[in-house]
>>> print(open('query22.cif').read())   # mmCIF, C-alpha atoms
data_target
loop_
_atom_site.label_atom_id
_atom_site.label_comp_id
_atom_site.auth_asym_id
_atom_site.auth_seq_id
_atom_site.Cartn_x
_atom_site.Cartn_y
_atom_site.Cartn_z
CA MET A 1 -66.62 40.25 -214.92
CA SER A 2 -64.28 43.22 -215.18
CA ARG A 3 -61.81 43.44 -212.30
CA TYR A 4 -62.56 47.15 -211.95
CA LEU A 5 -66.26 46.35 -211.53
CA LEU A 6 -65.39 43.65 -208.98
CA LEU A 7 -63.31 46.20 -207.05
CA VAL A 8 -66.25 48.61 -206.90
CA LEU A 9 -68.74 45.88 -205.97
CA LEU A 10 -66.57 44.50 -203.17
CA ASN A 11 -65.93 47.90 -201.62
CA THR A 12 -69.26 49.66 -202.06
CA PRO A 13 -70.86 48.00 -198.97
CA LEU A 14 -67.93 49.16 -196.80
CA ILE A 15 -68.19 52.69 -198.15
CA ILE A 16 -71.96 52.79 -197.65
CA LEU A 17 -71.46 51.56 -194.06
CA GLY A 18 -68.76 54.18 -193.47
CA ILE A 19 -71.00 57.00 -194.75
CA THR A 20 -74.01 55.68 -192.81
CA ASN A 21 -71.97 55.54 -189.57
CA ALA A 22 -70.79 59.11 -190.12
CA VAL A 23 -74.31 60.43 -190.80
CA VAL A 24 -75.86 58.56 -187.83
CA ALA A 25 -73.11 59.76 -185.44
CA TYR A 26 -73.62 63.34 -186.63
CA LYS A 27 -77.41 63.23 -186.43
CA LEU A 28 -77.21 61.78 -182.90
CA ASP A 29 -74.80 64.56 -181.85
CA ARG A 30 -72.01 62.10 -181.13
CA THR A 31 -69.55 63.81 -183.41
CA SER A 32 -68.66 67.33 -184.46
CA ARG A 33 -69.68 68.81 -187.81
CA ARG A 34 -66.01 69.07 -188.77
CA ARG A 35 -65.38 65.38 -188.12
CA PHE A 36 -68.56 64.46 -189.98
CA ILE A 37 -67.46 66.43 -193.06
CA PHE A 38 -63.99 64.86 -192.88
CA ARG A 39 -65.42 61.34 -192.78
CA LEU A 40 -67.88 62.09 -195.60
CA VAL A 41 -65.17 63.54 -197.85
CA LEU A 42 -62.88 60.59 -197.03
CA TRP A 43 -65.42 57.93 -198.02
CA LEU A 44 -66.71 59.79 -201.08
CA GLY A 45 -63.09 60.36 -202.16
CA ILE A 46 -62.33 56.65 -201.88
CA PHE A 47 -65.52 55.79 -203.77
CA ALA A 48 -64.67 58.21 -206.57
CA GLY A 49 -61.17 56.73 -206.73
CA LEU A 50 -62.57 53.22 -207.12
CA VAL A 51 -65.24 54.13 -209.67
CA PHE A 52 -62.78 56.05 -211.83
CA ALA A 53 -59.85 53.67 -211.26
CA GLU A 54 -59.79 52.47 -214.87
CA PRO A 55 -59.91 55.90 -216.59
CA ILE A 56 -57.35 57.22 -214.09
CA TYR A 57 -55.01 54.30 -214.83
CA THR A 58 -55.47 54.68 -218.59
CA PHE A 59 -54.82 58.41 -218.41
CA LEU A 60 -51.66 57.96 -216.31
CA PHE A 61 -50.40 55.12 -218.53
CA ASN A 62 -50.99 57.05 -221.77
CA LYS A 63 -49.18 60.09 -220.37
CA GLY A 64 -46.24 57.87 -219.39
CA LEU A 65 -46.71 58.69 -215.69
CA THR A 66 -46.94 55.02 -214.66
CA GLN A 67 -45.51 51.79 -215.99
CA THR A 68 -47.39 49.45 -213.64
CA GLU A 69 -49.40 46.47 -214.82
CA PRO A 70 -53.20 46.82 -215.09
CA LEU A 71 -55.31 45.79 -212.07
CA SER A 72 -54.81 42.15 -211.07
CA LEU A 73 -57.10 40.01 -208.93
CA PHE A 74 -54.52 40.18 -206.14
CA ASP A 75 -54.64 44.02 -206.34
CA VAL A 76 -58.43 43.89 -205.96
CA ILE A 77 -58.12 41.80 -202.79
CA GLN A 78 -55.31 43.97 -201.43
CA ILE A 79 -57.19 47.24 -202.01
CA THR A 80 -60.34 45.78 -200.44
CA ALA A 81 -58.32 44.68 -197.40
CA ILE A 82 -56.80 48.17 -197.03
CA ILE A 83 -60.23 49.79 -197.19
CA LEU A 84 -61.56 47.29 -194.64
CA VAL A 85 -58.69 48.14 -192.27
CA LEU A 86 -59.39 51.86 -192.77
CA PHE A 87 -63.07 51.29 -191.99
CA LEU A 88 -62.25 49.34 -188.82
CA ALA A 89 -59.66 51.90 -187.69
CA ASN A 90 -62.16 54.72 -188.16
CA LEU A 91 -64.77 52.81 -186.19
CA ALA A 92 -62.34 51.99 -183.38
CA ASN A 93 -61.08 55.57 -183.25
CA SER A 94 -64.63 56.94 -182.87
CA ARG A 95 -65.42 54.46 -180.11
CA VAL A 96 -62.20 55.19 -178.23
CA ALA A 97 -62.89 58.94 -178.40
CA ILE A 98 -66.40 58.45 -176.98
CA LEU A 99 -65.14 56.13 -174.24
CA GLU A 100 -62.29 58.48 -173.33
CA LYS A 101 -64.73 61.35 -172.86
CA GLN A 102 -67.12 59.19 -170.86
CA VAL A 103 -64.37 57.95 -168.53
CA ARG A 104 -63.03 61.49 -168.05
CA ASP A 105 -66.49 62.89 -167.26
CA LEU A 106 -67.31 59.95 -164.99
CA HIS A 107 -64.09 60.32 -163.02
CA GLN A 108 -64.64 64.04 -162.64
CA GLU A 109 -68.25 63.74 -161.54
CA LEU A 110 -67.58 60.82 -159.22
CA SER A 111 -64.69 62.65 -157.54
CA ILE A 112 -66.84 65.74 -156.97
CA ARG A 113 -69.84 63.82 -155.62
CA LEU A 114 -67.81 61.59 -153.32
CA SER A 115 -65.90 64.59 -152.03
CA GLU A 116 -69.14 66.49 -151.37
CA LYS A 117 -70.32 63.59 -149.22
CA GLN A 118 -66.99 63.30 -147.41
CA ASN A 119 -66.76 67.05 -146.75
CA LYS A 120 -70.30 67.07 -145.27
CA LYS A 121 -69.41 64.38 -142.68
CA MET B 1 -69.92 87.96 -156.47
CA ARG B 2 -68.81 84.45 -155.48
CA VAL B 3 -65.25 83.44 -156.21
CA ALA B 4 -63.76 79.93 -156.17
CA PHE B 5 -60.01 79.57 -155.66
CA VAL B 6 -59.04 76.26 -157.21
CA ILE B 7 -55.71 74.65 -156.32
CA PRO B 8 -54.84 71.44 -158.18
CA ALA B 9 -52.33 69.52 -156.05
CA TYR B 10 -50.30 66.37 -156.45
CA ASN B 11 -47.99 65.23 -153.65
CA GLU B 12 -47.69 68.69 -152.12
CA ALA B 13 -47.95 67.66 -148.45
CA THR B 14 -44.80 69.62 -147.57
CA VAL B 15 -46.11 73.01 -148.65
CA ILE B 16 -49.90 72.87 -149.09
CA SER B 17 -50.60 73.94 -145.51
CA ASN B 18 -48.52 77.13 -145.86
CA VAL B 19 -50.00 77.90 -149.28
CA LEU B 20 -53.53 77.66 -147.87
CA LYS B 21 -52.66 79.69 -144.75
CA ASP B 22 -51.15 82.47 -146.89
CA LEU B 23 -54.15 82.50 -149.21
CA LYS B 24 -56.64 82.63 -146.33
CA LYS B 25 -54.64 85.42 -144.71
CA ALA B 26 -54.73 87.47 -147.91
CA LEU B 27 -58.43 86.77 -148.45
CA ALA B 28 -59.30 87.80 -144.89
CA LYS B 29 -58.35 91.37 -145.86
CA THR B 30 -60.93 91.42 -148.67
CA LYS B 31 -64.72 91.43 -148.76
CA LEU B 32 -64.90 88.60 -151.26
CA ASP B 33 -67.44 85.81 -150.87
CA TYR B 34 -65.12 82.91 -151.61
CA GLU B 35 -64.44 79.21 -151.29
CA ILE B 36 -61.06 77.53 -151.54
CA VAL B 37 -61.13 74.23 -153.39
CA VAL B 38 -58.14 71.90 -153.39
CA VAL B 39 -58.20 69.15 -156.00
CA ASP B 40 -56.02 66.34 -154.70
CA ASP B 41 -55.00 64.53 -157.88
CA GLY B 42 -54.60 61.08 -156.35
CA SER B 43 -51.60 62.01 -154.20
CA SER B 44 -49.70 59.23 -152.50
CA ASP B 45 -48.82 61.48 -149.55
CA LYS B 46 -51.15 63.31 -147.12
CA THR B 47 -51.90 66.33 -149.33
CA GLY B 48 -55.68 65.82 -149.14
CA GLN B 49 -55.76 65.27 -145.38
CA ILE B 50 -53.57 68.30 -144.66
CA ALA B 51 -55.72 70.49 -146.91
CA LYS B 52 -58.88 69.24 -145.20
CA ALA B 53 -57.38 70.07 -141.83
CA GLU B 54 -57.02 73.66 -143.07
CA GLY B 55 -60.80 73.79 -143.42
CA VAL B 56 -60.99 74.06 -147.21
CA PHE B 57 -63.12 72.00 -149.59
CA VAL B 58 -61.12 69.05 -150.90
CA ILE B 59 -61.98 67.08 -154.02
CA SER B 60 -60.05 63.83 -154.10
CA HIS B 61 -59.38 62.36 -157.51
CA ILE B 62 -59.77 58.62 -157.40
CA LEU B 63 -56.99 58.21 -159.95
CA ASN B 64 -53.99 60.41 -160.67
CA SER B 65 -55.07 62.03 -163.93
CA GLY B 66 -52.77 64.98 -164.50
CA SER B 67 -52.82 68.68 -163.91
CA GLY B 68 -55.23 69.45 -166.78
CA SER B 69 -57.73 66.98 -165.47
CA ALA B 70 -57.46 68.24 -161.89
CA THR B 71 -57.99 71.82 -163.03
CA ALA B 72 -61.02 70.77 -165.07
CA THR B 73 -62.51 69.02 -162.03
CA GLY B 74 -62.04 72.09 -159.82
CA LEU B 75 -63.57 74.41 -162.41
CA SER B 76 -66.43 71.99 -163.01
CA TYR B 77 -67.17 72.09 -159.26
CA ALA B 78 -67.14 75.90 -159.37
CA GLN B 79 -69.48 75.92 -162.37
CA GLN B 80 -71.90 73.42 -160.81
CA ASN B 81 -72.04 75.46 -157.61
CA GLY B 82 -72.82 78.73 -159.33
CA PHE B 83 -69.59 80.64 -158.75
CA ASP B 84 -69.22 83.84 -160.80
CA ILE B 85 -65.44 83.81 -161.03
CA ALA B 86 -62.82 81.12 -160.48
CA ALA B 87 -59.09 81.45 -160.06
CA THR B 88 -56.50 78.71 -160.29
CA LEU B 89 -53.10 78.80 -158.67
CA ASP B 90 -50.26 76.34 -158.20
CA ALA B 91 -49.97 74.31 -155.02
CA ASP B 92 -46.18 74.60 -154.77
CA GLY B 93 -46.28 78.12 -153.39
CA GLN B 94 -44.87 79.89 -156.45
CA HIS B 95 -47.79 82.33 -156.63
CA ASP B 96 -48.35 85.32 -154.41
CA PRO B 97 -51.95 85.15 -153.05
CA SER B 98 -52.33 88.94 -153.21
CA GLU B 99 -51.69 88.79 -156.96
CA VAL B 100 -54.47 86.21 -157.41
CA ILE B 101 -56.87 88.53 -155.61
CA MET B 102 -55.65 91.37 -157.82
CA GLY B 103 -56.45 89.17 -160.84
CA VAL B 104 -60.02 88.70 -159.61
CA GLU B 105 -60.45 92.48 -159.52
CA LEU B 106 -58.72 92.94 -162.87
CA ILE B 107 -60.83 90.44 -164.79
CA GLN B 108 -63.91 92.46 -163.92
CA LYS B 109 -62.27 95.75 -164.85
CA LYS B 110 -60.86 94.41 -168.12
CA LYS B 111 -64.08 92.53 -168.90
CA ALA B 112 -61.97 89.56 -169.98
CA ASP B 113 -63.15 85.96 -170.07
CA LEU B 114 -59.77 84.49 -169.26
CA LEU B 115 -57.00 86.38 -167.51
CA ILE B 116 -53.51 84.92 -167.34
CA GLY B 117 -51.00 85.85 -164.68
CA SER B 118 -47.85 86.17 -166.77
CA ARG B 119 -44.48 85.47 -165.15
CA LEU B 120 -42.67 86.61 -168.26
CA ILE B 121 -43.83 90.20 -168.59
CA ASN B 122 -41.36 90.84 -165.79
CA SER B 123 -39.25 87.71 -165.45
CA LYS B 124 -37.06 88.87 -162.55
CA GLY B 125 -36.12 85.99 -160.26
CA MET B 126 -36.71 83.34 -162.91
CA SER B 127 -33.78 81.26 -164.07
CA LYS B 128 -32.68 81.67 -167.69
CA THR B 129 -33.56 78.07 -168.51
CA LYS B 130 -37.08 78.51 -167.11
CA VAL B 131 -37.54 81.72 -169.10
CA ALA B 132 -36.27 80.04 -172.26
CA GLY B 133 -38.48 76.97 -171.76
CA ASN B 134 -41.62 79.00 -171.12
CA LYS B 135 -40.93 81.45 -173.94
CA GLY B 136 -40.34 78.51 -176.27
CA LEU B 137 -43.68 76.93 -175.34
CA SER B 138 -45.46 80.25 -175.78
CA TYR B 139 -43.89 80.54 -179.23
CA ILE B 140 -45.00 76.99 -180.10
CA THR B 141 -48.50 77.84 -178.89
CA PHE B 142 -48.45 80.84 -181.22
CA LEU B 143 -47.24 78.76 -184.17
CA LEU B 144 -49.78 75.99 -183.66
CA PHE B 145 -52.82 77.94 -182.58
CA GLY B 146 -52.15 81.57 -183.47
CA ILE B 147 -52.48 82.78 -179.88
CA ASN B 148 -50.04 85.44 -178.85
CA VAL B 149 -49.49 85.47 -175.09
CA THR B 150 -46.26 85.95 -173.17
CA ASP B 151 -46.76 83.05 -170.74
CA SER B 152 -48.90 80.26 -172.15
CA GLN B 153 -47.93 77.85 -169.35
CA SER B 154 -48.83 79.92 -166.30
CA GLY B 155 -50.94 78.11 -163.71
CA MET B 156 -52.38 81.33 -162.34
CA ARG B 157 -55.50 82.03 -164.33
CA ILE B 158 -58.76 83.78 -163.64
CA TYR B 159 -61.98 82.63 -165.32
CA SER B 160 -65.18 84.58 -165.92
CA LYS B 161 -68.64 83.03 -165.61
CA LYS B 162 -68.70 82.62 -169.39
CA ALA B 163 -65.40 80.74 -169.34
CA LEU B 164 -66.59 78.56 -166.44
CA ASP B 165 -69.72 77.62 -168.37
CA SER B 166 -68.23 76.87 -171.74
CA LEU B 167 -64.45 76.44 -171.66
CA LYS B 168 -63.60 72.73 -172.00
CA TRP B 169 -60.43 70.96 -173.10
CA LYS B 170 -59.36 67.40 -173.79
CA SER B 171 -55.77 67.28 -172.55
CA SER B 172 -55.17 65.88 -169.10
CA GLY B 173 -51.49 66.78 -168.73
CA TYR B 174 -49.61 70.09 -168.67
CA GLU B 175 -50.40 70.70 -172.33
CA PHE B 176 -53.89 71.74 -171.23
CA CYS B 177 -52.50 75.25 -170.59
CA SER B 178 -52.01 75.84 -174.32
CA GLU B 179 -55.08 73.88 -175.37
CA MET B 180 -57.25 75.96 -173.03
CA LEU B 181 -56.10 79.15 -174.80
CA TRP B 182 -56.88 77.58 -178.15
CA ARG B 183 -60.38 76.58 -177.04
CA ALA B 184 -60.93 80.09 -175.70
CA LYS B 185 -59.91 81.49 -179.08
CA GLN B 186 -62.27 79.10 -180.88
CA GLN B 187 -65.11 80.44 -178.74
CA ASN B 188 -64.13 84.08 -179.35
CA MET B 189 -63.36 84.68 -175.70
CA LYS B 190 -61.39 87.69 -174.61
CA VAL B 191 -58.02 86.53 -173.27
CA ASP B 192 -55.85 89.02 -171.42
CA GLU B 193 -52.70 88.99 -169.28
CA TYR B 194 -51.32 90.80 -166.28
CA PRO B 195 -47.83 90.68 -164.79
CA ILE B 196 -47.16 88.51 -161.75
CA THR B 197 -44.01 87.54 -159.91
CA ALA B 198 -43.08 83.91 -159.50
CA ILE B 199 -41.69 82.92 -156.12
CA TYR B 200 -39.09 80.22 -156.64
CA THR B 201 -38.03 78.34 -153.54
CA ASP B 202 -35.75 75.31 -153.49
CA TYR B 203 -38.89 73.22 -153.17
CA SER B 204 -40.73 74.72 -156.16
CA LYS B 205 -37.55 74.56 -158.25
CA ALA B 206 -37.20 70.87 -157.50
CA LYS B 207 -40.90 70.20 -157.96
CA GLY B 208 -41.52 72.42 -160.99
CA GLN B 209 -41.56 71.49 -164.63
CA ASN B 210 -38.40 70.05 -166.10
CA ASN B 211 -37.52 71.70 -169.40
CA TRP B 212 -37.28 68.25 -170.98
CA ASN B 213 -40.98 67.82 -170.31
CA SER B 214 -41.53 70.61 -172.84
CA PHE B 215 -40.89 68.05 -175.57
CA ASN B 216 -43.75 65.91 -174.28
CA ILE B 217 -45.99 68.98 -174.18
CA ILE B 218 -45.04 69.94 -177.76
CA LYS B 219 -45.63 66.36 -178.93
CA SER B 220 -49.09 66.27 -177.35
CA LEU B 221 -50.00 69.70 -178.72
CA LEU B 222 -48.91 68.70 -182.22
CA GLN B 223 -50.95 65.52 -181.96
CA ARG B 224 -53.98 67.50 -180.77
CA ARG B 225 -53.55 70.01 -183.62
CA ILE B 226 -53.27 67.30 -186.29
CA MET B 227 -56.27 65.39 -184.95
CA GLU B 228 -58.30 68.61 -185.08
CA VAL B 229 -57.56 68.83 -188.81
CA PHE B 230 -59.14 65.40 -189.15
CA GLY B 231 -62.16 66.61 -187.23
CA GLU B 232 -61.43 65.08 -183.81
#
>>> encode(input="query22.cif", output="structure tokens")
Amino acid sequence: MSRYLLLVLLNTPLIILGITNAVVAYKLDRTSRRRFIFRLVLWLGIFAGLVFAEPIYTFLFNKGLTQTEPLSLFDVIQITAIILVLFLANLANSRVAILEKQVRDLHQELSIRLSEKQNKK
Amino acid sequence: MRVAFVIPAYNEATVISNVLKDLKKALAKTKLDYEIVVVDDGSSDKTGQIAKAEGVFVISHILNSGSGSATATGLSYAQQNGFDIAATLDADGQHDPSEVIMGVELIQKKKADLLIGSRLINSKGMSKTKVAGNKGLSYITFLLFGINVTDSQSGMRIYSKKALDSLKWKSSGYEFCSEMLWRAKQQNMKVDEYPITAIYTDYSKAKGQNNWNSFNIIKSLLQRRIMEVFGE
């Protein structure tokens, strides 16, 4: 199997998951339109980069813009690991943002309600 | 027309009583239907108790969360309780109560959504370092967000009903002053300014913002601006 095909096959599930998460979060009003577009462009950009990795490499090599070796199996694993880390970081960042907002709102609301009770006494 | 006067306070036990007395005295001369709300931001001294003894409504933050957060809580209370206008002022006594009342009248005349009491239109009485620090932050606010105001860090602000209903920010620290202006711009709100005089006592000078803190504010604003590019 071609290493370029292996690269695409290994990473496609992560990219599909990334896009699905972005769409679901947007449809459920958990994220802004701007953030949704950013995430969509990011994942589609990565996907395009992986699909066209071979022609891009060939083009750069023929033009003398790179002297690197063609894709090795180690490169495939390394790129997949980087994309996995990116996916996890994105997921964690979204969750932290949601939690931060929830804690802030909770603290605000709780302070107001408790104070209303205390001021009535 | 119901007006809420919101005072975020953190460890201001020494001066809060006088600030509230002065404000009540100035308000007694008006016909405003008002409520004074002190947001005690988790003070370790008796700020909350002293304010309560003055007969004002006190919201006690369970945790110390910063000036931006305390202001947001006070304005959220005003919004939930159907106030038409809200005004914020500092708890260290640097604002003249009569100028806050003037701001309440001005916001209606100017039909603004957010009115800022600017200490820098006439900066008499302010130290050169304070002027430089505040002008610098206003310039940074302009560079980052494209908002041109003379005093982006002023704590004296008047909010219309529209601003109370829809103006929200994420920052919890002092950087909320600039972020609030940015959010107002994003929502096409009319932001205006009027000149005020800052009263600097030894206490407020010691308590006030250190110019070095400006670097933290700039750092947070930059972070906020970059994250916005990524859709946060």
>>> residues_around(input="query22.cif", residues="Lys46 (chain B)", least_positions_apart="4", cutoff="12 Å", atoms="all atoms listed in the file", output="number ranges by chain")
B: 9-17, 40-42, 50-53, 60
>>> axis_aligned_box(input="query22.cif", around="region 140-156 of chain B", padding_each_side="5 Å", output="lines of an AutoDock Vina configuration file")
center_x = -48.9
center_y = 81.0
center_z = -173.3
size_x = 17.8
size_y = 20.0
size_z = 31.8
>>> resolve_selection(input="query22.cif", expression="the PyMOL selection byres ((chain A) within 10 of (chain B))", output="JSON, numbers by chain")
{"A": [31, 32, 33, 34, 35, 36, 37, 38, 39, 42, 93, 94, 97, 100, 101, 104, 105, 107, 108, 109, 110, 111, 112, 113, 114, 115, 116, 118, 119, 120]}
>>> residues_around(input="query22.cif", residues="Glu54 (chain A)", least_positions_apart="4", cutoff="10 Å", atoms="only C-alpha atoms", output="compact mmCIF listing (two decimals) with C-alpha atoms, in the coordinates of the input")
# COMPACT_ATOMS: atom_id res chain seq x y z
CA ARG A 3 -61.81 43.44 -212.30
CA TYR A 4 -62.56 47.15 -211.95
CA LEU A 5 -66.26 46.35 -211.53
CA GLY A 49 -61.17 56.73 -206.73
CA LEU A 50 -62.57 53.22 -207.12
CA THR A 58 -55.47 54.68 -218.59
CA PHE A 59 -54.82 58.41 -218.41
CA LEU A 60 -51.66 57.96 -216.31
CA PRO A 70 -53.20 46.82 -215.09
CA LEU A 71 -55.31 45.79 -212.07
>>> atom_distance(input="query22.cif", atom1="CA of Ala132 (chain B)", atom2="CA of Leu106 (chain B)")
27.5 Å
>>> resolve_selection(input="query22.cif", expression="the PyMOL selection byres ((chain B and resi 171) around 10)", output="PyMOL selection string")
chain B and resi 66-69+72+168-170+172-180+220-221+224
>>> residues_around(input="query22.cif", residues="Ala28 (chain B)", least_positions_apart="6", cutoff="12 Å", atoms="only C-alpha atoms", output="count of residues only")
7
>>> closest_residue(input="query22.cif", among="B:Ala26, B:Ala206, B:Ala4, B:Ala91", to="Tyr159 (chain B)", atoms="all atoms listed in the file")
B:Ala4
>>> closest_residue(input="query22.cif", among="B:Asn122, B:Thr88, B:Gln223, B:Gln187", to="Leu23 (chain B)", atoms="all atoms listed in the file")
B:Thr88
>>> atom_distance(input="query22.cif", atom1="CA of Lys111 (chain B)", atom2="CA of Lys190 (chain B)")
8.0 Å
>>> residues_around(input="query22.cif", residues="region 108-110 of chain B", least_positions_apart="2", cutoff="12 Å", atoms="all atoms listed in the file", output="ChimeraX atom specification")
/B:1,3,84-86,101-106,112-115,158-161,190-194
>>> closest_residue(input="query22.cif", among="B:Ser127, B:Thr30, B:Asn64, B:Ser138", to="Ser44 (chain B)", atoms="only C-alpha atoms")
B:Asn64
